[in-house]
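Q: One file: target_5.pdb (PDB, C-alpha atoms).
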ATOM      1  CA  MET I   1     189.044  80.143  47.204
ATOM      2  CA  LYS I   2     191.392  79.503  50.124
ATOM      3  CA  GLN I   3     194.983  78.706  49.157
ATOM      4  CA  VAL I   4     196.832  75.908  50.951
ATOM      5  CA  LEU I   5     200.481  74.931  50.575
ATOM      6  CA  THR I   6     201.990  71.471  50.870
ATOM      7  CA  ILE I   7     205.732  71.105  51.448
ATOM      8  CA  ALA I   8     206.602  67.473  50.795
ATOM      9  CA  GLY I   9     208.217  64.871  48.578
ATOM     10  CA  SER I  10     207.036  63.729  45.163
ATOM     11  CA  ASP I  11     205.509  60.249  44.811
ATOM     12  CA  SER I  12     205.806  58.926  41.250
ATOM     13  CA  GLY I  13     203.081  56.425  42.144
ATOM     14  CA  GLY I  14     200.656  59.311  42.585
ATOM     15  CA  GLY I  15     198.907  58.149  45.740
ATOM     16  CA  ALA I  16     200.897  59.855  48.494
ATOM     17  CA  GLY I  17     203.308  62.766  48.866
ATOM     18  CA  ILE I  18     202.822  65.939  46.845
ATOM     19  CA  GLN I  19     200.507  64.204  44.392
ATOM     20  CA  GLY I  20     198.250  62.823  47.108
ATOM     21  CA  ASP I  21     198.294  66.145  48.942
ATOM     22  CA  LEU I  22     197.231  68.135  45.892
ATOM     23  CA  LYS I  23     194.361  65.733  45.219
ATOM     24  CA  ALA I  24     193.141  65.690  48.829
ATOM     25  CA  MET I  25     193.306  69.461  49.183
ATOM     26  CA  SER I  26     191.473  70.019  45.910
ATOM     27  CA  ALA I  27     188.821  67.486  46.902
ATOM     28  CA  ASN I  28     188.309  69.437  50.130
ATOM     29  CA  GLY I  29     187.581  72.686  48.361
ATOM     30  CA  VAL I  30     190.812  74.694  48.395
ATOM     31  CA  PHE I  31     193.411  75.720  45.821
ATOM     32  CA  ALA I  32     196.517  73.629  46.429
ATOM     33  CA  LEU I  33     200.090  74.873  45.993
ATOM     34  CA  SER I  34     203.282  72.860  46.375
ATOM     35  CA  VAL I  35     206.930  73.003  47.362
ATOM     36  CA  ILE I  36     208.787  69.800  46.486
ATOM     37  CA  THR I  37     211.551  68.759  48.902
ATOM     38  CA  ALA I  38     212.575  65.442  47.365
ATOM     39  CA  VAL I  39     211.780  63.194  44.436
ATOM     40  CA  THR I  40     211.050  59.536  45.120
ATOM     41  CA  ALA I  41     210.956  56.735  42.596
ATOM     42  CA  GLN I  42     208.136  54.555  43.880
ATOM     43  CA  ASN I  43     205.076  52.563  42.966
ATOM     44  CA  THR I  44     202.538  50.504  44.891
ATOM     45  CA  GLU I  45     205.175  47.884  45.751
ATOM     46  CA  GLU I  46     208.328  49.765  46.746
ATOM     47  CA  VAL I  47     210.434  52.906  46.905
ATOM     48  CA  THR I  48     213.462  52.340  44.694
ATOM     49  CA  ASP I  49     215.273  55.673  45.008
ATOM     50  CA  VAL I  50     215.136  59.083  46.699
ATOM     51  CA  PHE I  51     216.753  62.333  45.552
ATOM     52  CA  GLU I  52     216.708  65.363  47.850
ATOM     53  CA  LEU I  53     216.391  68.667  46.048
ATOM     54  CA  PRO I  54     219.080  71.287  46.700
ATOM     55  CA  ALA I  55     218.307  73.717  49.506
ATOM     56  CA  SER I  56     218.448  76.638  47.086
ATOM     57  CA  ILE I  57     215.571  75.357  44.932
ATOM     58  CA  ILE I  58     213.465  74.444  47.982
ATOM     59  CA  ALA I  59     213.988  77.961  49.339
ATOM     60  CA  ALA I  60     213.198  79.490  45.943
ATOM     61  CA  GLN I  61     209.907  77.568  45.775
ATOM     62  CA  ILE I  62     208.895  78.754  49.254
ATOM     63  CA  ASP I  63     209.769  82.352  48.366
ATOM     64  CA  ALA I  64     207.863  82.167  45.094
ATOM     65  CA  VAL I  65     204.701  80.882  46.738
ATOM     66  CA  PHE I  66     204.663  83.317  49.654
ATOM     67  CA  ASP I  67     205.547  86.273  47.412
ATOM     68  CA  ASP I  68     202.382  85.843  45.378
ATOM     69  CA  PHE I  69     199.706  83.891  47.244
ATOM     70  CA  ASP I  70     197.647  84.435  50.387
ATOM     71  CA  ILE I  71     198.383  81.183  52.208
ATOM     72  CA  ALA I  72     195.603  80.143  54.596
ATOM     73  CA  ALA I  73     197.253  76.907  55.751
ATOM     74  CA  VAL I  74     200.444  74.901  55.279
ATOM     75  CA  LYS I  75     200.958  71.156  55.503
ATOM     76  CA  THR I  76     204.414  69.599  55.692
ATOM     77  CA  GLY I  77     205.105  65.997  54.781
ATOM     78  CA  MET I  78     208.349  64.310  53.758
ATOM     79  CA  LEU I  79     211.251  66.578  54.707
ATOM     80  CA  SER I  80     213.923  63.874  54.430
ATOM     81  CA  SER I  81     216.923  65.455  56.206
ATOM     82  CA  THR I  82     217.981  67.723  59.041
ATOM     83  CA  ALA I  83     219.093  70.379  56.555
ATOM     84  CA  ILE I  84     215.669  70.473  54.897
ATOM     85  CA  VAL I  85     213.839  70.530  58.249
ATOM     86  CA  GLU I  86     216.030  73.443  59.361
ATOM     87  CA  LEU I  87     215.441  75.318  56.110
ATOM     88  CA  VAL I  88     211.672  74.861  56.155
ATOM     89  CA  ALA I  89     211.391  75.850  59.829
ATOM     90  CA  ARG I  90     213.573  78.901  59.284
ATOM     91  CA  MET I  91     211.520  80.084  56.327
ATOM     92  CA  LEU I  92     208.097  79.354  57.826
ATOM     93  CA  ALA I  93     208.770  81.015  61.195
ATOM     94  CA  PRO I  94     208.551  84.637  59.956
ATOM     95  CA  GLN I  95     205.369  83.849  58.009
ATOM     96  CA  LYS I  96     203.546  83.217  61.308
ATOM     97  CA  ILE I  97     201.299  80.531  59.798
ATOM     98  CA  VAL I  98     198.262  80.049  62.040
ATOM     99  CA  ASN I  99     197.214  76.776  60.412
ATOM    100  CA  LEU I 100     200.391  74.706  60.148
ATOM    101  CA  VAL I 101     199.834  70.947  60.006
ATOM    102  CA  VAL I 102     203.029  68.920  60.453
ATOM    103  CA  ASP I 103     202.789  65.324  59.300
ATOM    104  CA  PRO I 104     206.047  63.757  60.577
ATOM    105  CA  VAL I 105     206.512  61.395  57.629
ATOM    106  CA  MET I 106     209.170  58.824  58.522
ATOM    107  CA  LEU I 107     208.433  55.627  56.603
ATOM    108  CA  SER I 108     206.734  54.759  53.342
ATOM    109  CA  LYS I 109     203.872  52.269  53.394
ATOM    110  CA  THR I 110     206.383  49.700  52.097
ATOM    111  CA  GLY I 111     208.868  50.406  54.922
ATOM    112  CA  HIS I 112     211.380  52.678  53.177
ATOM    113  CA  ALA I 113     212.862  55.413  55.419
ATOM    114  CA  LEU I 114     211.698  58.864  54.302
ATOM    115  CA  LEU I 115     213.251  60.802  57.189
ATOM    116  CA  LYS I 116     216.842  60.305  58.277
ATOM    117  CA  PRO I 117     217.085  59.317  61.968
ATOM    118  CA  ASP I 118     219.095  62.410  62.923
ATOM    119  CA  ALA I 119     216.364  64.637  61.473
ATOM    120  CA  ILE I 120     213.768  63.489  64.013
ATOM    121  CA  GLU I 121     215.274  65.709  66.722
ATOM    122  CA  ALA I 122     215.318  68.690  64.361
ATOM    123  CA  LEU I 123     211.662  68.092  63.558
ATOM    124  CA  LYS I 124     210.755  68.030  67.254
ATOM    125  CA  LYS I 125     212.822  71.075  68.213
ATOM    126  CA  LEU I 126     212.313  73.350  65.207
ATOM    127  CA  LEU I 127     209.059  72.550  63.430
ATOM    128  CA  PHE I 128     206.728  71.189  66.105
ATOM    129  CA  PRO I 129     206.755  74.478  68.078
ATOM    130  CA  LEU I 130     205.447  76.265  64.964
ATOM    131  CA  ALA I 131     202.632  73.773  64.389
ATOM    132  CA  LEU I 132     198.955  74.041  65.162
ATOM    133  CA  VAL I 133     198.613  70.263  64.754
ATOM    134  CA  VAL I 134     201.107  67.416  64.391
ATOM    135  CA  THR I 135     199.689  64.195  62.956
ATOM    136  CA  PRO I 136     201.836  61.119  63.671
ATOM    137  CA  ASN I 137     200.613  57.621  62.972
ATOM    138  CA  ILE I 138     201.215  54.912  65.569
ATOM    139  CA  HIS I 139     204.708  54.038  64.332
ATOM    140  CA  GLU I 140     205.737  57.703  64.232
ATOM    141  CA  ALA I 141     204.180  58.402  67.628
ATOM    142  CA  GLN I 142     206.204  55.535  69.111
ATOM    143  CA  LEU I 143     209.454  56.922  67.694
ATOM    144  CA  LEU I 144     208.635  60.454  68.841
ATOM    145  CA  SER I 145     207.489  59.521  72.348
ATOM    146  CA  GLY I 146     209.760  56.549  73.033
ATOM    147  CA  ILE I 147     206.911  54.358  74.266
ATOM    148  CA  ALA I 148     205.130  51.350  72.755
ATOM    149  CA  ILE I 149     201.531  52.037  71.739
ATOM    150  CA  ASN I 150     199.118  49.121  71.849
ATOM    151  CA  ASN I 151     195.884  50.786  72.931
ATOM    152  CA  LEU I 152     194.244  54.154  73.564
ATOM    153  CA  SER I 153     195.751  54.425  77.033
ATOM    154  CA  ASP I 154     199.230  54.168  75.534
ATOM    155  CA  ALA I 155     198.237  56.684  72.851
ATOM    156  CA  ARG I 156     197.183  59.170  75.533
ATOM    157  CA  ARG I 157     200.586  58.876  77.229
ATOM    158  CA  ALA I 158     202.371  59.310  73.916
ATOM    159  CA  ALA I 159     200.240  62.340  73.001
ATOM    160  CA  LYS I 160     201.227  64.094  76.229
ATOM    161  CA  ILE I 161     204.915  63.536  75.515
ATOM    162  CA  ILE I 162     204.631  64.706  71.901
ATOM    163  CA  HIS I 163     202.587  67.740  72.966
ATOM    164  CA  SER I 164     205.479  68.785  75.212
ATOM    165  CA  PHE I 165     207.548  69.417  72.063
ATOM    166  CA  GLY I 166     205.518  72.547  71.431
ATOM    167  CA  SER I 167     202.580  72.058  69.049
ATOM    168  CA  LYS I 168     199.132  73.260  70.091
ATOM    169  CA  TYR I 169     197.460  69.952  69.198
ATOM    170  CA  VAL I 170     198.590  66.367  68.688
ATOM    171  CA  LEU I 171     196.522  64.052  66.505
ATOM    172  CA  ILE I 172     197.570  60.411  66.796
ATOM    173  CA  LYS I 173     196.136  58.508  63.858
ATOM    174  CA  GLY I 174     194.885  55.103  64.914
ATOM    175  CA  GLY I 175     194.763  53.184  61.667
ATOM    176  CA  HIS I 176     197.572  50.909  62.888
ATOM    177  CA  LEU I 177     196.410  50.697  66.504
ATOM    178  CA  PRO I 178     196.331  47.009  67.546
ATOM    179  CA  ALA I 179     193.248  47.645  69.665
ATOM    180  CA  ASP I 180     190.577  50.276  68.880
ATOM    181  CA  ARG I 181     191.435  50.257  65.180
ATOM    182  CA  ALA I 182     190.449  53.329  63.161
ATOM    183  CA  THR I 183     190.167  55.375  66.368
ATOM    184  CA  ASP I 184     192.054  58.684  66.322
ATOM    185  CA  LEU I 185     193.081  60.698  69.361
ATOM    186  CA  LEU I 186     193.315  64.516  69.516
ATOM    187  CA  TYR I 187     195.020  66.197  72.462
ATOM    188  CA  ASP I 188     195.195  69.960  73.134
ATOM    189  CA  GLY I 189     197.330  69.892  76.273
ATOM    190  CA  ARG I 190     194.324  69.563  78.572
ATOM    191  CA  PHE I 191     191.594  67.477  76.977
ATOM    192  CA  PHE I 192     191.327  64.471  74.679
ATOM    193  CA  ASN I 193     188.895  64.080  71.799
ATOM    194  CA  ILE I 194     188.284  60.538  70.605
ATOM    195  CA  TYR I 195     187.250  59.954  66.995
ATOM    196  CA  LYS I 196     185.921  56.466  66.509
ATOM    197  CA  GLY I 197     185.576  55.386  62.922
ATOM    198  CA  GLU I 198     184.770  52.443  60.725
ATOM    199  CA  PHE I 199     187.726  50.159  60.062
ATOM    200  CA  ILE I 200     187.616  49.239  56.397
ATOM    201  CA  ASP I 201     189.460  46.005  55.749
ATOM    202  CA  THR I 202     191.311  46.712  52.505
ATOM    203  CA  PRO I 203     194.977  46.418  51.532
ATOM    204  CA  HIS I 204     194.690  49.539  49.381
ATOM    205  CA  THR I 205     195.623  52.311  51.802
ATOM    206  CA  HIS I 206     198.613  53.964  50.120
ATOM    207  CA  GLY I 207     198.674  57.661  50.993
ATOM    208  CA  THR I 208     196.201  57.631  53.875
ATOM    209  CA  GLY I 209     198.444  59.649  56.201
ATOM    210  CA  CYS I 210     199.176  62.322  53.598
ATOM    211  CA  THR I 211     195.513  62.439  52.627
ATOM    212  CA  PHE I 212     194.315  62.871  56.224
ATOM    213  CA  ALA I 213     196.781  65.670  57.018
ATOM    214  CA  SER I 214     196.073  67.467  53.727
ATOM    215  CA  ALA I 215     192.312  67.279  54.184
ATOM    216  CA  LEU I 216     192.793  68.583  57.720
ATOM    217  CA  ALA I 217     194.830  71.554  56.469
ATOM    218  CA  ALA I 218     192.175  72.306  53.869
ATOM    219  CA  GLN I 219     189.366  72.225  56.417
ATOM    220  CA  LEU I 220     191.328  74.485  58.769
ATOM    221  CA  ALA I 221     191.903  76.935  55.913
ATOM    222  CA  ARG I 222     188.159  77.001  55.307
ATOM    223  CA  GLY I 223     187.583  78.135  58.892
ATOM    224  CA  LYS I 224     186.752  75.013  60.853
ATOM    225  CA  THR I 225     187.985  74.605  64.427
ATOM    226  CA  VAL I 226     190.616  71.920  64.959
ATOM    227  CA  PRO I 227     188.178  69.339  66.425
ATOM    228  CA  ASP I 228     185.668  69.940  63.622
ATOM    229  CA  ALA I 229     188.376  69.929  60.948
ATOM    230  CA  VAL I 230     189.648  66.581  62.243
ATOM    231  CA  GLN I 231     186.139  65.127  62.032
ATOM    232  CA  ALA I 232     185.603  66.444  58.500
ATOM    233  CA  ALA I 233     188.981  65.128  57.357
ATOM    234  CA  LYS I 234     188.335  61.737  58.965
ATOM    235  CA  THR I 235     184.927  61.436  57.301
ATOM    236  CA  TYR I 236     186.485  62.268  53.928
ATOM    237  CA  LEU I 237     189.355  59.822  54.424
ATOM    238  CA  THR I 238     187.008  57.001  55.429
ATOM    239  CA  GLU I 239     185.140  57.310  52.152
ATOM    240  CA  ALA I 240     188.379  57.640  50.163
ATOM    241  CA  ILE I 241     189.513  54.349  51.726
ATOM    242  CA  ARG I 242     186.115  52.713  51.170
ATOM    243  CA  HIS I 243     186.452  53.509  47.463
ATOM    244  CA  SER I 244     190.196  52.794  47.309
ATOM    245  CA  LEU I 245     191.686  51.671  44.016
ATOM    246  CA  ALA I 246     193.074  48.215  43.290
ATOM    247  CA  ILE I 247     195.626  49.510  40.791
ATOM    248  CA  GLY I 248     199.237  48.447  40.553
ATOM    249  CA  HIS I 249     200.494  45.161  41.967
ATOM    250  CA  GLY I 250     200.923  46.211  45.607
ATOM    251  CA  THR I 251     199.230  48.585  48.047
ATOM    252  CA  GLY I 252     196.843  50.625  45.930
ATOM    253  CA  PRO I 253     195.935  54.260  46.677
ATOM    254  CA  THR I 254     192.918  55.822  48.290
ATOM    255  CA  ASN I 255     190.408  57.357  45.886
ATOM    256  CA  HIS I 256     190.652  61.105  46.489
ATOM    257  CA  PHE I 257     187.780  61.911  44.132
ATOM    258  CA  TYR I 258     185.461  59.035  45.023
ATOM    259  CA  PHE I 259     182.486  61.389  44.870
ATOM    260  CA  LEU I 260     182.986  61.873  41.129
ATOM    261  CA  GLU I 261     182.333  58.205  40.373
ATOM    262  CA  SER I 262     179.342  57.674  38.141
TER
END
Just give me the structure as C-alpha cells.

A:
Amino acid sequence: MKQVLTIAGSDSGGGAGIQGDLKAMSANGVFALSVITAVTAQNTEEVTDVFELPASIIAAQIDAVFDDFDIAAVKTGMLSSTAIVELVARMLAPQKIVNLVVDPVMLSKTGHALLKPDAIEALKKLLFPLALVVTPNIHEAQLLSGIAINNLSDARRAAKIIHSFGSKYVLIKGGHLPADRATDLLYDGRFFNIYKGEFIDTPHTHGTGCTFASALAAQLARGKTVPDAVQAAKTYLTEAIRHSLAIGHGTGPTNHFYFLES
C-alpha cells in the first residue's frame, strides 16, 4: 500500500486539517501518515484558538516519518507561520518528493486566519518551487496573484501568475467562483485543463479544500498522472459533498466514507 504524508494542523471538529486529510487519503486507498504543525480548537461554527507546535517537535515528526516509511506523496496544509513554512521547506527539499501537493491554507471556512500574512511570501518563495501541484481556492488565488477572480478568464490570469512562483502545476479550485461554479482549472505552464462539475447546493462543506488536496495526493501516489489524479479527486469530492453530514450547529463536514453507507 502506498504511503502518503500530510503536514498540517489539527482540527478538533474532525472535518478538515489532519483529521480530514487522514480520512480522505484512507478513502482513496493509501496508508496515511501525519505531521502536526498546529492544534486548533474549532467546531462547525468557529475557530476559538490556535497553538503552533514548537519547531523541534515538528522537525522530530518529519524525521521519524521519513526514517521509517517509503513516502510516495506529501500534502501540506495549514503551516501557520513563516518559521514553520521555512522549517518544512528546508526538511522536504533534500527528500526530493516527486508528488508534493501544497494546499496554501489561509482561512478557515468560518473566516479565521490560519496563515499569518507575512508567511504568504515564504510559502511562495520556499515551498511552491518544490511542489508538483499547488491547490489554492478562489480566495487564496486572489491573495497569491493580487487580482480579483470573478470568472474563468480571471482564474486563467491568476494561474499564470501563481505558476511563475515555481510549481509544476497550479490547480485553482472553483467552488467559490461567482460564475462557472464547481469548475476547477489546472495549468501546467502551457495548457489549461478545465474540470466542470456538479455544483451541490449544501451548506455542509467543511473540509472540502483539505479533502480535495489529500485525495489528489493519494491518487498521485497510486500512479495517476496529474490531470487524471485531479479528475479522480474531484469525482470523489463531489460524492463526499453530496453525502455531506448535517452534524454540529454550523457548517457540517463532507462525508469521507460515503461509500460505506448502508

Q: Apply the PyMOL selection byres ((chain I and resi 29) around 9) to the structure shown and report the selected residues as a list in words.

A: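 With the shown file as input, the PyMOL selection byres ((chain I and resi 29) around 9) matches Met1, Lys2, Ala24, Met25, Ser26, Ala27, Asn28, Val30, Phe31, Ala218, Gln219 and Arg222 of chain I.
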
Q: Pick from I:Val102, I:Leu185, I:Lys160, I:Asp201: nearest to Pro227 of chain I, with all atoms listed in the file counted?

A: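 Closest to Pro227 of chain I, using all atoms listed in the file: I:Leu185.
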
Q: Sorted by chain and rising residue number, list the residues of segment 69-145 of chain I at most 6 Å from segment 165-183 of chain I (counting all atoms listed in the file), each with its closest atom pair and distance in Å to one decimal, as a Markdown table.

A:
| residue | atom | partner | partner_atom | distance |
| --- | --- | --- | --- | --- |
| I:Lys124 | CA | I:Phe165 | CA | 5.9 |
| I:Phe128 | CA | I:Ser167 | CA | 5.2 |
| I:Pro129 | CA | I:Gly166 | CA | 4.1 |
| I:Ala131 | CA | I:Ser167 | CA | 5.0 |
| I:Leu132 | CA | I:Lys168 | CA | 5.0 |
| I:Val133 | CA | I:Tyr169 | CA | 4.6 |
| I:Val134 | CA | I:Val170 | CA | 5.1 |
| I:Thr135 | CA | I:Leu171 | CA | 4.8 |
| I:Pro136 | CA | I:Ile172 | CA | 5.3 |
| I:Asn137 | CA | I:Lys173 | CA | 4.6 |

Q: Here's the selection I'm unsure about, the PyMOL selection byres ((chain I and resi 208) around 9); applied to the file above, which residues does it give, as JSON, numbers by chain?

A: {"I": [15, 16, 20, 205, 206, 207, 209, 210, 211, 212, 213, 237, 240, 241, 253, 254]}

Q: When you draw a straight line from atom CA of Val4 of chain I to atom CA of Thr82 of chain I, how long is it in Å?

A: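 Straight-line distance from atom CA of Val4 of chain I to atom CA of Thr82 of chain I works out to 24.1 Å.
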
Q: Evaluating the PyMOL selection byres ((chain I and resi 116) around 8) on the displayed file yields which residues, as a ChimeraX atom specification?

A: /I:80-82,106,113-115,117-120

Q: Mind giving me the straight-line distance from atom CA of Glu46 of chain I to atom CA of Ile62 of chain I in Å, one decimal?

A: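 Rounded to one decimal, the two atoms are 29.1 Å apart.
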
Q: By how many Å are atom CA of Thr225 of chain I and atom CA of Leu5 of chain I apart?

A: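 Interatomic distance, atom CA of Thr225 of chain I to atom CA of Leu5 of chain I: 18.7 Å.
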
Q: Padding 4 Å on every side, please: axis-aligned box over the listed atoms of segment 38-42 of chain I, centre and edge lengths to one decimal in Å, as JSON.

A:
{"center_x": 210.4, "center_y": 60.0, "center_z": 45.0, "size_x": 12.4, "size_y": 18.9, "size_z": 12.8}

Q: Would you list the contacts of Glu239 of chain I as a list in words, taking every protein, DNA or RNA residue within 9 Å and counting only C-alpha atoms, but skipping same-chain residues closer than 5 positions in sequence?

A: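 In the requested form, the answer reads Lys234, Ser244, Thr254, Asn255, His256, Tyr258 and Phe259 of chain I.
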
Q: For a quick check of understanding, using all atoms listed in the file, which of I:Val105, I:Ile162, I:Leu127, I:Leu79 has the smallest distance to Gln142 of chain I?

A: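 Among I:Val105, I:Ile162, I:Leu127, I:Leu79, it is I:Ile162 that comes nearest to Gln142 of chain I.
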
Q: For each of I:Ala122, I:Leu107, I:Asp63, I:His163, take the minimum atom-to-atom distance to His139 of chain I, counting only C-alpha atoms, then give the residue where this is smallest.

A: I:Leu107

Q: Would you pick out the contacts of Thr238 of chain I at 9 Å or less, using only C-alpha atoms, so that residues sharing its chain but fewer than 4 positions from it are not included, and give the list as a list in words?

A: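 In the requested form, the answer reads Gly197, Glu198, Phe199, Ile200, Ala233, Lys234, Arg242 and His243 of chain I.
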